[in-house]
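J.: Just entry_30.cif, nothing more (mmCIF, C-alpha atoms):
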data_protein
loop_
_atom_site.label_atom_id
_atom_site.label_comp_id
_atom_site.auth_asym_id
_atom_site.auth_seq_id
_atom_site.Cartn_x
_atom_site.Cartn_y
_atom_site.Cartn_z
CA MET G 1 20.77 -15.24 28.53
CA ALA G 2 20.40 -17.42 25.54
CA GLU G 3 19.67 -15.60 22.33
CA THR G 4 18.06 -18.44 20.49
CA ILE G 5 15.74 -21.28 21.36
CA ARG G 6 15.92 -24.78 19.95
CA LEU G 7 12.91 -25.78 17.86
CA GLU G 8 12.29 -29.47 17.31
CA LEU G 9 9.33 -30.54 15.20
CA VAL G 10 8.58 -34.23 14.98
CA THR G 11 5.73 -36.30 13.60
CA PRO G 12 5.26 -40.04 14.08
CA VAL G 13 6.65 -40.57 10.60
CA ARG G 14 9.70 -38.33 10.61
CA GLN G 15 11.59 -35.48 12.25
CA ILE G 16 10.86 -32.34 10.30
CA LEU G 17 12.82 -29.58 11.99
CA SER G 18 15.67 -29.23 14.40
CA GLU G 19 16.94 -25.71 14.37
CA ASP G 20 18.00 -22.82 16.61
CA VAL G 21 15.48 -20.03 16.14
CA ASP G 22 14.80 -16.56 17.54
CA GLU G 23 11.08 -16.95 18.00
CA VAL G 24 8.27 -19.46 17.54
CA ILE G 25 4.63 -18.57 16.96
CA ALA G 26 2.39 -21.58 17.36
CA PRO G 27 -1.33 -22.25 16.95
CA GLY G 28 -2.39 -23.23 20.48
CA VAL G 29 -5.91 -24.48 21.08
CA GLU G 30 -6.63 -21.39 23.16
CA GLY G 31 -5.08 -18.96 20.73
CA ASP G 32 -1.78 -18.35 19.01
CA LEU G 33 1.19 -18.05 21.27
CA GLY G 34 4.66 -16.70 20.78
CA VAL G 35 7.64 -18.34 22.42
CA LEU G 36 10.89 -16.46 22.91
CA PRO G 37 14.17 -17.77 24.30
CA GLU G 38 14.14 -18.57 28.04
CA HIS G 39 10.41 -19.11 28.07
CA ALA G 40 8.97 -20.74 31.20
CA PRO G 41 8.08 -24.46 30.97
CA LEU G 42 4.81 -24.78 29.12
CA LEU G 43 2.69 -27.54 27.72
CA THR G 44 -0.15 -26.92 25.35
CA ALA G 45 -2.26 -28.68 22.77
CA LEU G 46 -2.13 -27.42 19.19
CA ARG G 47 -4.89 -27.04 16.69
CA VAL G 48 -4.68 -27.30 12.93
CA GLY G 49 -2.96 -24.11 11.87
CA GLU G 50 0.23 -22.43 10.90
CA LEU G 51 3.37 -22.45 12.95
CA ALA G 52 5.87 -19.71 12.21
CA TYR G 53 9.43 -19.41 13.35
CA ARG G 54 11.93 -16.62 12.95
CA VAL G 55 15.55 -17.18 12.08
CA LYS G 56 17.71 -14.06 11.78
CA GLY G 57 14.68 -11.85 11.28
CA LYS G 58 13.20 -13.96 8.52
CA LEU G 59 9.94 -15.79 9.08
CA ASP G 60 9.40 -19.36 7.95
CA TYR G 61 6.13 -21.23 8.05
CA VAL G 62 5.09 -24.77 8.73
CA ALA G 63 1.63 -26.23 8.23
CA ILE G 64 0.52 -28.16 11.27
CA VAL G 65 -2.06 -30.53 9.90
CA GLY G 66 -3.70 -32.76 12.45
CA GLY G 67 -3.04 -31.08 15.77
CA GLY G 68 -0.55 -32.11 18.42
CA PHE G 69 1.35 -30.70 21.36
CA LEU G 70 3.95 -28.15 22.10
CA GLU G 71 6.27 -28.40 25.04
CA VAL G 72 8.65 -25.71 26.18
CA ASN G 73 11.29 -26.78 28.62
CA ASP G 74 14.95 -26.09 29.17
CA ASN G 75 15.09 -23.53 26.35
CA LYS G 76 13.73 -26.05 23.88
CA VAL G 77 10.46 -26.03 21.97
CA ILE G 78 9.34 -29.53 21.14
CA VAL G 79 6.40 -29.84 18.81
CA LEU G 80 4.73 -33.21 18.51
CA ALA G 81 2.42 -32.95 15.54
CA ASP G 82 0.23 -35.68 14.09
CA ASP G 83 1.27 -34.46 10.69
CA ALA G 84 3.08 -31.39 9.42
CA GLU G 85 4.62 -30.02 6.29
CA LEU G 86 7.23 -27.34 5.74
CA GLY G 87 5.88 -24.33 3.89
CA ARG G 88 8.61 -24.40 1.30
CA GLU G 89 7.89 -28.05 0.54
CA ILE G 90 4.20 -27.73 -0.16
CA ASP G 91 3.21 -28.01 -3.80
CA LEU G 92 0.63 -25.26 -4.24
CA ASP G 93 -1.11 -26.74 -7.27
CA LYS G 94 -1.56 -30.09 -5.62
CA ALA G 95 -2.71 -28.44 -2.42
CA ILE G 96 -5.34 -26.45 -4.29
CA GLU G 97 -6.52 -29.56 -6.02
CA ARG G 98 -6.88 -31.36 -2.71
CA LYS G 99 -8.63 -28.35 -1.22
CA LEU G 100 -11.20 -28.35 -4.02
CA LYS G 101 -11.76 -32.04 -3.46
CA ALA G 102 -12.25 -31.50 0.24
CA GLU G 103 -14.70 -28.70 -0.46
CA ALA G 104 -16.70 -30.87 -2.79
CA ALA G 105 -16.78 -33.66 -0.21
CA LEU G 106 -17.90 -31.18 2.41
CA GLU G 107 -20.76 -30.00 0.27
CA GLN G 108 -21.86 -33.56 -0.26
CA GLU G 109 -21.64 -34.51 3.39
CA ARG G 110 -23.55 -31.45 4.49
CA LYS G 111 -26.52 -32.88 2.70
CA SER G 112 -26.26 -36.40 4.01
CA ASP G 113 -24.83 -36.67 7.48
CA GLU G 114 -24.13 -34.38 10.37
CA LYS G 115 -21.44 -36.50 12.01
CA ASN G 116 -19.39 -37.11 8.92
CA PHE G 117 -19.73 -33.44 8.15
CA LYS G 118 -17.51 -32.62 11.09
CA ALA G 119 -14.82 -35.03 9.92
CA VAL G 120 -14.82 -33.67 6.41
CA GLU G 121 -14.77 -30.12 7.68
CA ILE G 122 -11.54 -30.87 9.50
CA GLU G 123 -10.09 -32.33 6.31
CA LEU G 124 -10.91 -29.13 4.51
CA MET G 125 -9.28 -27.04 7.22
CA LYS G 126 -6.09 -29.05 6.82
CA GLU G 127 -5.98 -28.44 3.09
CA LEU G 128 -6.81 -24.78 3.51
CA ILE G 129 -3.89 -24.21 5.79
CA ARG G 130 -1.59 -25.93 3.33
CA VAL G 131 -2.73 -23.65 0.56
CA GLN G 132 -2.45 -20.54 2.70
CA ILE G 133 1.10 -21.27 3.63
CA ALA G 134 2.19 -22.37 0.21
CA GLU G 135 0.89 -19.13 -1.20
CA LYS G 136 3.29 -17.20 0.97
CA TYR G 137 6.12 -18.97 -0.80
CA ARG G 138 4.77 -18.55 -4.28
CA GLY G 139 6.50 -15.24 -4.88
CA ALA G 140 9.86 -16.65 -3.84
CA LYS G 141 9.80 -19.49 -6.34
CA MET C 1 21.03 -96.07 -8.58
CA PRO C 2 18.71 -93.43 -10.02
CA GLY C 3 19.01 -92.72 -13.70
CA VAL C 4 21.20 -89.90 -15.03
CA MET C 5 18.23 -88.00 -16.39
CA ASP C 6 16.37 -88.20 -13.07
CA ILE C 7 19.28 -86.64 -11.24
CA LYS C 8 19.63 -83.97 -13.85
CA ARG C 9 16.00 -83.04 -13.46
CA LYS C 10 16.35 -82.89 -9.69
CA ILE C 11 19.38 -80.60 -9.89
CA LYS C 12 17.44 -78.28 -12.11
CA SER C 13 14.52 -78.07 -9.71
CA VAL C 14 16.76 -77.40 -6.70
CA LYS C 15 18.54 -74.71 -8.67
CA ASN C 16 15.22 -73.05 -9.37
CA THR C 17 14.33 -73.14 -5.71
CA GLN C 18 17.67 -71.61 -4.87
CA LYS C 19 17.07 -68.81 -7.32
CA ILE C 20 13.74 -68.05 -5.68
CA THR C 21 15.11 -68.06 -2.16
CA LYS C 22 17.98 -65.83 -3.22
CA ALA C 23 15.59 -63.36 -4.81
CA MET C 24 13.40 -63.38 -1.73
CA LYS C 25 16.41 -62.67 0.40
CA MET C 26 17.30 -59.64 -1.71
CA VAL C 27 13.74 -58.33 -1.57
CA SER C 28 13.59 -58.78 2.19
CA ALA C 29 16.92 -57.03 2.61
CA ALA C 30 15.68 -54.00 0.69
CA ARG C 31 12.37 -53.94 2.55
CA MET C 32 14.08 -54.30 5.87
CA ARG C 33 16.24 -51.30 5.18
CA LYS C 34 13.13 -49.27 4.47
CA ALA C 35 11.41 -50.54 7.59
CA GLU C 36 14.46 -49.73 9.66
CA ASP C 37 14.49 -46.20 8.29
CA ALA C 38 10.85 -45.79 9.22
CA MET C 39 11.71 -46.96 12.71
CA LYS C 40 14.60 -44.56 12.95
CA ASN C 41 12.36 -41.69 11.87
CA ALA C 42 9.73 -42.62 14.40
CA ARG C 43 12.21 -42.95 17.21
CA SER C 44 12.60 -39.23 17.85
CA TYR C 45 8.84 -38.93 18.23
CA ALA C 46 8.89 -42.00 20.44
CA ASN C 47 11.49 -40.56 22.81
CA LYS C 48 9.65 -37.28 23.09
CA ILE C 49 6.17 -38.62 23.64
CA TYR C 50 7.34 -41.16 26.23
CA GLU C 51 9.16 -38.40 28.04
CA LEU C 52 6.11 -36.17 27.86
CA VAL C 53 3.74 -38.80 29.17
CA GLY C 54 6.22 -39.67 31.89
CA ASN C 55 6.54 -36.03 32.88
CA MET C 56 2.82 -35.54 33.01
CA ALA C 57 2.13 -38.71 34.92
CA ASP C 58 4.56 -37.43 37.54
CA ARG C 59 2.64 -34.25 37.96
CA VAL C 60 -0.98 -35.30 37.95
CA GLU C 61 -3.00 -37.48 40.28
CA ALA C 62 -3.23 -41.15 39.34
CA ASP C 63 -6.99 -41.04 39.06
CA SER C 64 -7.16 -37.99 36.82
CA HIS C 65 -7.44 -40.12 33.71
CA PRO C 66 -9.03 -43.55 33.26
CA PHE C 67 -5.92 -44.79 31.42
CA LEU C 68 -3.82 -44.26 34.51
CA THR C 69 -6.15 -46.05 36.91
CA ALA C 70 -5.79 -49.77 37.31
CA ARG C 71 -9.11 -51.58 37.59
CA LYS C 72 -9.69 -53.39 40.88
CA GLU C 73 -10.86 -56.58 39.34
CA VAL C 74 -9.26 -57.84 36.17
CA ARG C 75 -11.59 -60.27 34.47
CA ASN C 76 -11.03 -59.70 30.79
CA VAL C 77 -7.60 -59.25 29.28
CA CYS C 78 -7.08 -58.25 25.72
CA LEU C 79 -4.00 -59.34 23.83
CA ALA C 80 -3.11 -57.55 20.63
CA ILE C 81 -0.94 -59.98 18.75
CA ILE C 82 1.22 -58.68 15.96
CA THR C 83 2.53 -61.15 13.40
CA SER C 84 3.19 -61.11 9.70
CA ASP C 85 0.75 -61.88 6.93
CA LYS C 86 3.10 -64.18 5.12
CA GLY C 87 5.18 -67.13 6.21
CA LEU C 88 8.67 -68.22 5.22
CA CYS C 89 10.30 -66.17 7.91
CA GLY C 90 11.71 -68.72 10.30
CA ALA C 91 10.46 -68.81 13.87
CA PHE C 92 9.24 -65.22 13.69
CA ASN C 93 5.53 -65.96 13.99
CA SER C 94 5.71 -69.08 16.10
CA ASN C 95 7.68 -67.16 18.73
CA VAL C 96 4.81 -64.75 19.15
CA VAL C 97 2.26 -67.55 19.19
CA LYS C 98 4.26 -69.43 21.81
CA LYS C 99 4.51 -66.34 23.94
CA THR C 100 0.76 -65.87 23.68
CA LEU C 101 0.04 -69.43 24.72
CA ALA C 102 2.50 -69.10 27.60
CA PHE C 103 0.73 -65.92 28.69
CA ALA C 104 -2.59 -67.74 28.59
CA ARG C 105 -1.19 -70.55 30.72
CA GLU C 106 0.17 -68.16 33.33
CA ASN C 107 -3.07 -66.22 33.56
CA LYS C 108 -5.65 -68.96 33.80
CA GLY C 109 -8.01 -66.97 35.99
CA VAL C 110 -8.85 -64.35 33.43
CA ASN C 111 -10.81 -64.39 30.24
CA ILE C 112 -8.49 -63.77 27.31
CA LYS C 113 -9.68 -61.96 24.24
CA LEU C 114 -7.56 -61.51 21.15
CA ILE C 115 -6.99 -58.87 18.57
CA CYS C 116 -5.11 -60.44 15.72
CA ILE C 117 -2.94 -58.13 13.67
CA GLY C 118 -1.44 -60.06 10.79
CA LYS C 119 -2.84 -63.14 9.13
CA LYS C 120 -0.60 -65.67 10.83
CA ALA C 121 -1.77 -64.85 14.33
CA TYR C 122 -5.34 -65.45 13.27
CA ASP C 123 -4.49 -68.67 11.46
CA PHE C 124 -2.85 -70.12 14.55
CA LEU C 125 -4.86 -68.72 17.41
CA GLY C 126 -8.24 -68.06 15.83
CA LYS C 127 -8.92 -71.79 15.85
CA LYS C 128 -8.11 -72.16 19.52
CA GLU C 129 -10.51 -71.52 22.37
CA PHE C 130 -9.87 -67.77 22.54
CA GLU C 131 -12.41 -65.17 21.66
CA VAL C 132 -11.25 -62.99 18.78
CA LEU C 133 -12.48 -59.43 19.12
CA SER C 134 -11.23 -58.25 15.77
CA LYS C 135 -8.58 -59.00 13.22
CA TYR C 136 -6.53 -56.91 10.88
CA VAL C 137 -4.87 -58.63 7.96
CA SER C 138 -3.20 -57.81 4.68
CA PHE C 139 -1.05 -54.82 5.44
CA GLY C 140 1.28 -56.03 2.76
CA GLY C 141 4.26 -55.40 4.97
CA LYS C 142 3.58 -51.69 5.15
CA ILE C 143 1.85 -49.58 7.73
CA THR C 144 0.80 -45.97 7.83
CA TYR C 145 0.21 -43.99 10.96
CA ASP C 146 -3.47 -43.69 10.08
CA GLU C 147 -3.89 -47.44 9.95
CA ALA C 148 -2.17 -47.82 13.27
CA SER C 149 -4.38 -45.09 14.75
CA GLU C 150 -7.41 -47.01 13.66
CA ILE C 151 -6.25 -50.02 15.63
CA GLY C 152 -5.28 -47.81 18.55
CA ASP C 153 -8.72 -46.19 18.63
CA LYS C 154 -10.29 -49.60 18.67
CA LEU C 155 -8.16 -50.66 21.63
CA VAL C 156 -9.20 -47.55 23.51
CA ASP C 157 -12.84 -48.25 22.67
CA TYR C 158 -12.65 -51.77 24.09
CA TYR C 159 -10.98 -50.45 27.21
CA MET C 160 -13.35 -47.58 27.82
CA SER C 161 -16.47 -49.66 27.23
CA GLU C 162 -15.09 -52.06 29.88
CA ASP C 163 -15.14 -54.98 27.49
CA VAL C 164 -11.61 -55.55 28.67
CA ASP C 165 -9.78 -54.45 31.80
CA GLU C 166 -6.21 -54.71 30.63
CA ILE C 167 -4.57 -54.56 27.24
CA TYR C 168 -1.26 -56.05 26.23
CA ILE C 169 0.61 -56.04 22.97
CA ILE C 170 2.61 -59.10 22.03
CA HIS C 171 5.04 -58.49 19.22
CA ASN C 172 8.55 -59.15 18.06
CA GLU C 173 10.93 -56.59 19.42
CA PHE C 174 13.55 -55.62 16.89
CA ARG C 175 16.99 -56.05 18.43
CA SER C 176 18.98 -56.59 15.25
CA THR C 177 18.60 -58.03 11.78
CA ALA C 178 18.93 -61.61 12.88
CA PHE C 179 17.62 -61.27 16.37
CA GLN C 180 14.07 -60.59 17.42
CA VAL C 181 12.49 -61.33 20.74
CA ALA C 182 8.80 -61.85 21.35
CA LYS C 183 7.81 -59.36 24.00
CA VAL C 184 4.70 -58.67 26.05
CA THR C 185 4.03 -54.98 26.64
CA LYS C 186 1.31 -53.70 28.90
CA VAL C 187 -0.49 -50.88 27.14
CA LEU C 188 -3.49 -50.14 29.31
CA PRO C 189 -3.77 -49.14 32.04
CA LEU C 190 -0.48 -47.29 31.95
CA SER C 191 1.84 -48.22 34.73
CA ILE C 192 4.29 -45.40 34.84
CA GLU C 193 6.29 -45.35 38.00
CA LYS C 194 6.30 -42.08 39.77
CA THR C 195 9.75 -40.67 40.07
CA GLU C 196 9.48 -38.88 43.36
CA ALA C 197 12.91 -37.31 43.20
CA ALA C 198 12.22 -35.59 39.89
CA GLU C 199 12.70 -31.86 39.98
CA THR C 200 9.31 -30.29 39.98
CA THR C 201 9.54 -27.47 37.50
CA ASP C 202 5.82 -27.27 37.02
CA TYR C 203 4.56 -26.53 33.57
CA ILE C 204 2.14 -23.89 32.54
CA TYR C 205 -0.69 -25.98 31.19
CA GLU C 206 -2.89 -24.68 28.47
CA PRO C 207 -5.65 -25.86 28.76
CA LYS C 208 -5.75 -27.66 32.14
CA ALA C 209 -3.56 -30.72 32.72
CA GLU C 210 -6.57 -33.04 32.88
CA VAL C 211 -7.83 -31.80 29.52
CA LEU C 212 -4.39 -32.10 27.99
CA LEU C 213 -4.04 -35.62 29.28
CA LYS C 214 -7.20 -36.53 27.42
CA GLU C 215 -5.54 -35.36 24.22
CA ILE C 216 -2.21 -36.98 24.84
CA MET C 217 -3.29 -40.41 26.02
CA PRO C 218 -5.04 -41.64 22.86
CA ARG C 219 -2.08 -40.41 20.81
CA TYR C 220 0.26 -42.21 23.10
CA ILE C 221 -1.66 -45.45 22.61
CA ASN C 222 -1.88 -44.99 18.85
CA PHE C 223 1.79 -44.31 18.67
CA THR C 224 2.66 -47.34 20.78
CA VAL C 225 0.68 -49.48 18.37
CA TYR C 226 2.36 -47.81 15.41
CA PHE C 227 5.83 -48.28 16.77
CA SER C 228 5.20 -51.92 17.68
CA LEU C 229 3.97 -52.52 14.15
CA LEU C 230 7.05 -50.88 12.68
CA GLU C 231 9.27 -53.02 14.84
CA SER C 232 7.37 -56.11 13.87
CA ILE C 233 7.62 -55.32 10.17
CA ALA C 234 11.33 -54.65 10.33
CA GLY C 235 11.74 -57.86 12.29
CA GLU C 236 9.68 -59.83 9.83
CA HIS C 237 11.88 -58.82 6.93
CA GLY C 238 15.04 -59.38 8.93
CA SER C 239 13.86 -62.79 9.96
CA ARG C 240 12.86 -63.69 6.42
CA MET C 241 16.19 -62.52 5.12
CA VAL C 242 18.01 -64.85 7.47
CA ALA C 243 15.65 -67.74 6.75
CA MET C 244 16.03 -67.31 3.00
CA ASP C 245 19.79 -67.00 3.30
CA ASN C 246 19.87 -70.34 5.12
CA ALA C 247 17.57 -71.88 2.55
CA ALA C 248 19.77 -70.70 -0.31
CA ARG C 249 22.83 -72.13 1.41
CA ASN C 250 21.13 -75.46 2.06
CA ALA C 251 20.04 -75.60 -1.57
CA GLY C 252 23.68 -75.06 -2.56
CA GLU C 253 24.72 -78.05 -0.46
CA VAL C 254 22.03 -80.23 -1.98
CA ILE C 255 23.11 -79.19 -5.44
CA ASN C 256 26.72 -80.11 -4.67
CA LYS C 257 25.69 -83.53 -3.45
CA LEU C 258 23.44 -84.15 -6.43
CA THR C 259 26.13 -83.05 -8.86
CA LEU C 260 28.52 -85.54 -7.32
CA THR C 261 25.96 -88.35 -7.64
CA PHE C 262 25.25 -87.23 -11.19
CA ASN C 263 28.92 -87.36 -12.16
CA LYS C 264 29.34 -90.77 -10.58
CA ALA C 265 26.32 -92.08 -12.45
CA ARG C 266 27.57 -90.62 -15.72
CA GLN C 267 31.03 -92.08 -15.21
CA GLY C 268 29.45 -95.43 -14.27
CA ALA C 269 27.45 -95.44 -17.48
CA ILE C 270 30.57 -94.70 -19.55
CA THR C 271 32.58 -97.42 -17.79
CA ASN C 272 29.81 -99.91 -18.47
CA GLU C 273 29.74 -99.01 -22.13
CA ILE C 274 33.51 -99.35 -22.50
CA LEU C 275 33.37 -102.72 -20.75
CA ASP C 276 30.72 -103.85 -23.26
CA ILE C 277 32.84 -102.75 -26.22
CA VAL C 278 36.01 -104.30 -24.86
CA ASN C 279 34.20 -107.54 -24.13
CA GLY C 280 32.75 -107.56 -27.64
CA ALA C 281 36.15 -106.98 -29.22
CA GLU C 282 37.72 -109.69 -27.04
CA ALA C 283 35.04 -112.13 -28.15
CA LEU C 284 35.68 -111.38 -31.87
CA ASN C 285 39.45 -111.73 -31.49
CA GLY C 286 39.13 -114.83 -29.37
#
Could you render the structure from this file as structure tokens?

T.:
Amino acid sequence: MAETIRLELVTPVRQILSEDVDEVIAPGVEGDLGVLPEHAPLLTALRVGELAYRVKGKLDYVAIVGGGFLEVNDNKVIVLADDAELGREIDLDKAIERKLKAEAALEQERKSDEKNFKAVEIELMKELIRVQIAEKYRGAK
Amino acid sequence: MPGVMDIKRKIKSVKNTQKITKAMKMVSAARMRKAEDAMKNARSYANKIYELVGNMADRVEADSHPFLTARKEVRNVCLAIITSDKGLCGAFNSNVVKKTLAFARENKGVNIKLICIGKKAYDFLGKKEFEVLSKYVSFGGKITYDEASEIGDKLVDYYMSEDVDEIYIIHNEFRSTAFQVAKVTKVLPLSIEKTEAAETTDYIYEPKAEVLLKEIMPRYINFTVYFSLLESIAGEHGSRMVAMDNAARNAGEVINKLTLTFNKARQGAITNEILDIVNGAEALNG
């Protein structure tokens, strides 16, 4: 019985993670799901959210911004994300700034157009998740 | 024989040209390295998504998604042609254009519509008899995934609205720095061969496979476009690097030849002058 599971996180632009981990907790479209070693083959779509993984008891976070897929097969977790950022790499100040901008845009769109509103709302969600995750790392810095 | 000054001026101008071509070669070399890195980074995603789509296509019915179903009658074919915006890169663009024209010749029965990505494709083919659906120019040799997605979405739109029945991408495949091959890739509908012998460890799908397929397919198309563009950009710089290297070398040869002519002319002028003086002296002594 394998004790760890391989986590590979790739975006179209670069490979972000390739690590043996104890556990993965991912934001599936139908709810968060935890993946432990020797999980059955699984394929799911991801929503914008936070992906956590545990290495030697310590949790690390990744912001999944833009959705994607998660495949479990052969004791490997492969995450194909449209865009993602490691928690420890997010600059909190910049993220907050972008969040405020997204909020302002949202407010403006709410007044003008229903369709654009949806698009901007998603933008805001992306920035929110960045901020949330970066905040977890603030104490450590 | 041209005058000494004329030759001198010519040497100077060729030297300037050589300087420019050398600089362009350096710039292309640096840009190519960057483009190659981008390709390398994208490759891991490429391998995984191709595998994923392959796996899924094995496990679902062929008619469960419109992208997987070939249309019975193919009347309109869309060609997405990827070239560069700028010239001075050898046969890079004309290879793609030739391939396109060859494709058109082989498929006379169908109506060909173009999507021109890169200025050169439009310059060459926009004036011909083809209908141009849309064009994308001025990437400045860089491409982001978002830009590629925009093009990908457009392709999907054309396909779904039945404006076109098949979509191909024609681009330069990056084999190595000095070697690119124009290649035609069928994008839609997807023709993934079913591997019957594949072990059927069935996945747990969340949500249902059909729903998932709807999510994956557009991403697959967008990524294919993105990766083709990356390849094309890397190829463009590689091709330009080689072309500029040749140009710089040719300029060197021309300079050598001109210098020789210049020296001969200079020596000729000196000989003439000495002859004059000697003759003059002889006349006085005589």

J.: Just checking: using only C-alpha atoms, which residue out of C:Pro207, C:Gly238, C:Pro218, C:Pro66 ends up closest to chain G?

T.: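 The answer is C:Pro207, which sits nearest to chain G.
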
J.: Care to translate the PyMOL selection byres ((chain C) within 12 of (chain G)) into actual residues of this file, as a PyMOL selection string?

T.: chain C and resi 35+37-53+55-56+143-146+148-149+200-220+222-227+230

J.: Work out how far apart atom CA of Asp91 of chain G and atom CA of Val62 of chain G are and give it in Å to one decimal.

T.: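 Atom CA of Asp91 of chain G sits 13.1 Å away from atom CA of Val62 of chain G.
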
J.: Enter the distance from atom CA of His237 of chain C to atom CA of Met32 of chain C, in Å, rounded to one decimal.

T.: 5.1 Å

J.: Could you state which residues are captured by the PyMOL selection byres ((chain G and resi 75) around 8) in this file, as a PDB file with C-alpha atoms, in the coordinates of the input?

T.:
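Okay, selection.pdb is ready:
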ATOM      1  CA  ILE G   5      15.740 -21.280  21.360  1.00  0.00           C
ATOM      2  CA  ARG G   6      15.920 -24.780  19.950  1.00  0.00           C
ATOM      3  CA  PRO G  37      14.170 -17.770  24.300  1.00  0.00           C
ATOM      4  CA  GLU G  38      14.140 -18.570  28.040  1.00  0.00           C
ATOM      5  CA  HIS G  39      10.410 -19.110  28.070  1.00  0.00           C
ATOM      6  CA  VAL G  72       8.650 -25.710  26.180  1.00  0.00           C
ATOM      7  CA  ASN G  73      11.290 -26.780  28.620  1.00  0.00           C
ATOM      8  CA  ASP G  74      14.950 -26.090  29.170  1.00  0.00           C
ATOM      9  CA  LYS G  76      13.730 -26.050  23.880  1.00  0.00           C
ATOM     10  CA  VAL G  77      10.460 -26.030  21.970  1.00  0.00           C
TER      11      VAL G  77
END

J.: The PyMOL selection byres ((chain C and resi 110-120) around 6) on the file shown: which residues, as a PyMOL selection string?

T.: chain C and resi 75-85+108-109+121-123+131-137

J.: Padding 8 Å on every side, please: axis-aligned box over the listed atoms of segment 121-133 of chain G, centre and edge lengths to one decimal in Å, as lines of an AutoDock Vina configuration file.

T.:
center_x = -6.8
center_y = -26.4
center_z = 5.0
size_x = 31.9
size_y = 27.8
size_z = 24.9

J.: So how many Å separate atom CA of Leu124 of chain G and atom CA of Ala105 of chain G, to one decimal?

T.: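 So the two atoms, atom CA of Leu124 of chain G and atom CA of Ala105 of chain G, lie 8.8 Å apart.
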
J.: Mind checking which residues fall within 9 Å of Tyr61 of chain G, counting all atoms listed in the file, ignoring those fewer than 3 positions away in the same chain, and posting them as number ranges by chain?

T.: G: 50-54, 86-88, 133-134, 136

J.: Just the residues within 10 Å of Gly57 of chain G, please, counting all atoms listed in the file, with nothing from its chain fewer than 4 positions along; format it as a PyMOL selection string.

T.: chain G and resi 21-23+53

J.: Please write the residues from the selection above to a file, keeping C-alpha atoms, as a PDB file, in the coordinates of the input.

T.:
ATOM      1  CA  VAL G  21      15.480 -20.030  16.140  1.00  0.00           C
ATOM      2  CA  ASP G  22      14.800 -16.560  17.540  1.00  0.00           C
ATOM      3  CA  GLU G  23      11.080 -16.950  18.000  1.00  0.00           C
ATOM      4  CA  TYR G  53       9.430 -19.410  13.350  1.00  0.00           C
TER       5      TYR G  53
END

J.: So which residues touch Ile129 of chain G within 8 Å, counting all atoms listed in the file, skipping near sequence neighbours fewer than 3 positions away, as a PyMOL selection string?

T.: chain G and resi 48-50+63+65+125-126+132-133

J.: Between C:Arg249, C:Ala104, C:Glu61, C:Asn93, which one has atoms that come closest to Lys128 of chain C, using all atoms listed in the file?

T.: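 Result for the nearest residue to Lys128 of chain C: C:Ala104.
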
J.: Show me, as a list in words, the residues that have an atom within 8 Å of Leu106 of chain G when counting only C-alpha atoms, minus same-chain residues fewer than 2 positions from it.

T.: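 The contact residues come out as Ala102, Glu103, Ala104, Gln108, Glu109, Arg110, Phe117, Val120, Glu121 and Leu124 of chain G.
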
J.: Using all atoms listed in the file, which residues sit within 10 Å of Val181 of chain C once same-chain residues fewer than 4 positions away are excluded, as an mmCIF file with C-alpha atoms, keeping the file's coordinate frame?

T.:
data_model
loop_
_atom_site.group_PDB
_atom_site.id
_atom_site.type_symbol
_atom_site.label_atom_id
_atom_site.label_comp_id
_atom_site.auth_asym_id
_atom_site.auth_seq_id
_atom_site.Cartn_x
_atom_site.Cartn_y
_atom_site.Cartn_z
ATOM 1 C CA PHE C 92 9.240 -65.220 13.690
ATOM 2 C CA ASN C 95 7.680 -67.160 18.730
ATOM 3 C CA VAL C 96 4.810 -64.750 19.150
ATOM 4 C CA LYS C 99 4.510 -66.340 23.940
ATOM 5 C CA HIS C 171 5.040 -58.490 19.220
ATOM 6 C CA ASN C 172 8.550 -59.150 18.060
ATOM 7 C CA GLU C 173 10.930 -56.590 19.420
ATOM 8 C CA PHE C 174 13.550 -55.620 16.890
ATOM 9 C CA ARG C 175 16.990 -56.050 18.430
ATOM 10 C CA SER C 176 18.980 -56.590 15.250
ATOM 11 C CA GLY C 235 11.740 -57.860 12.290
#
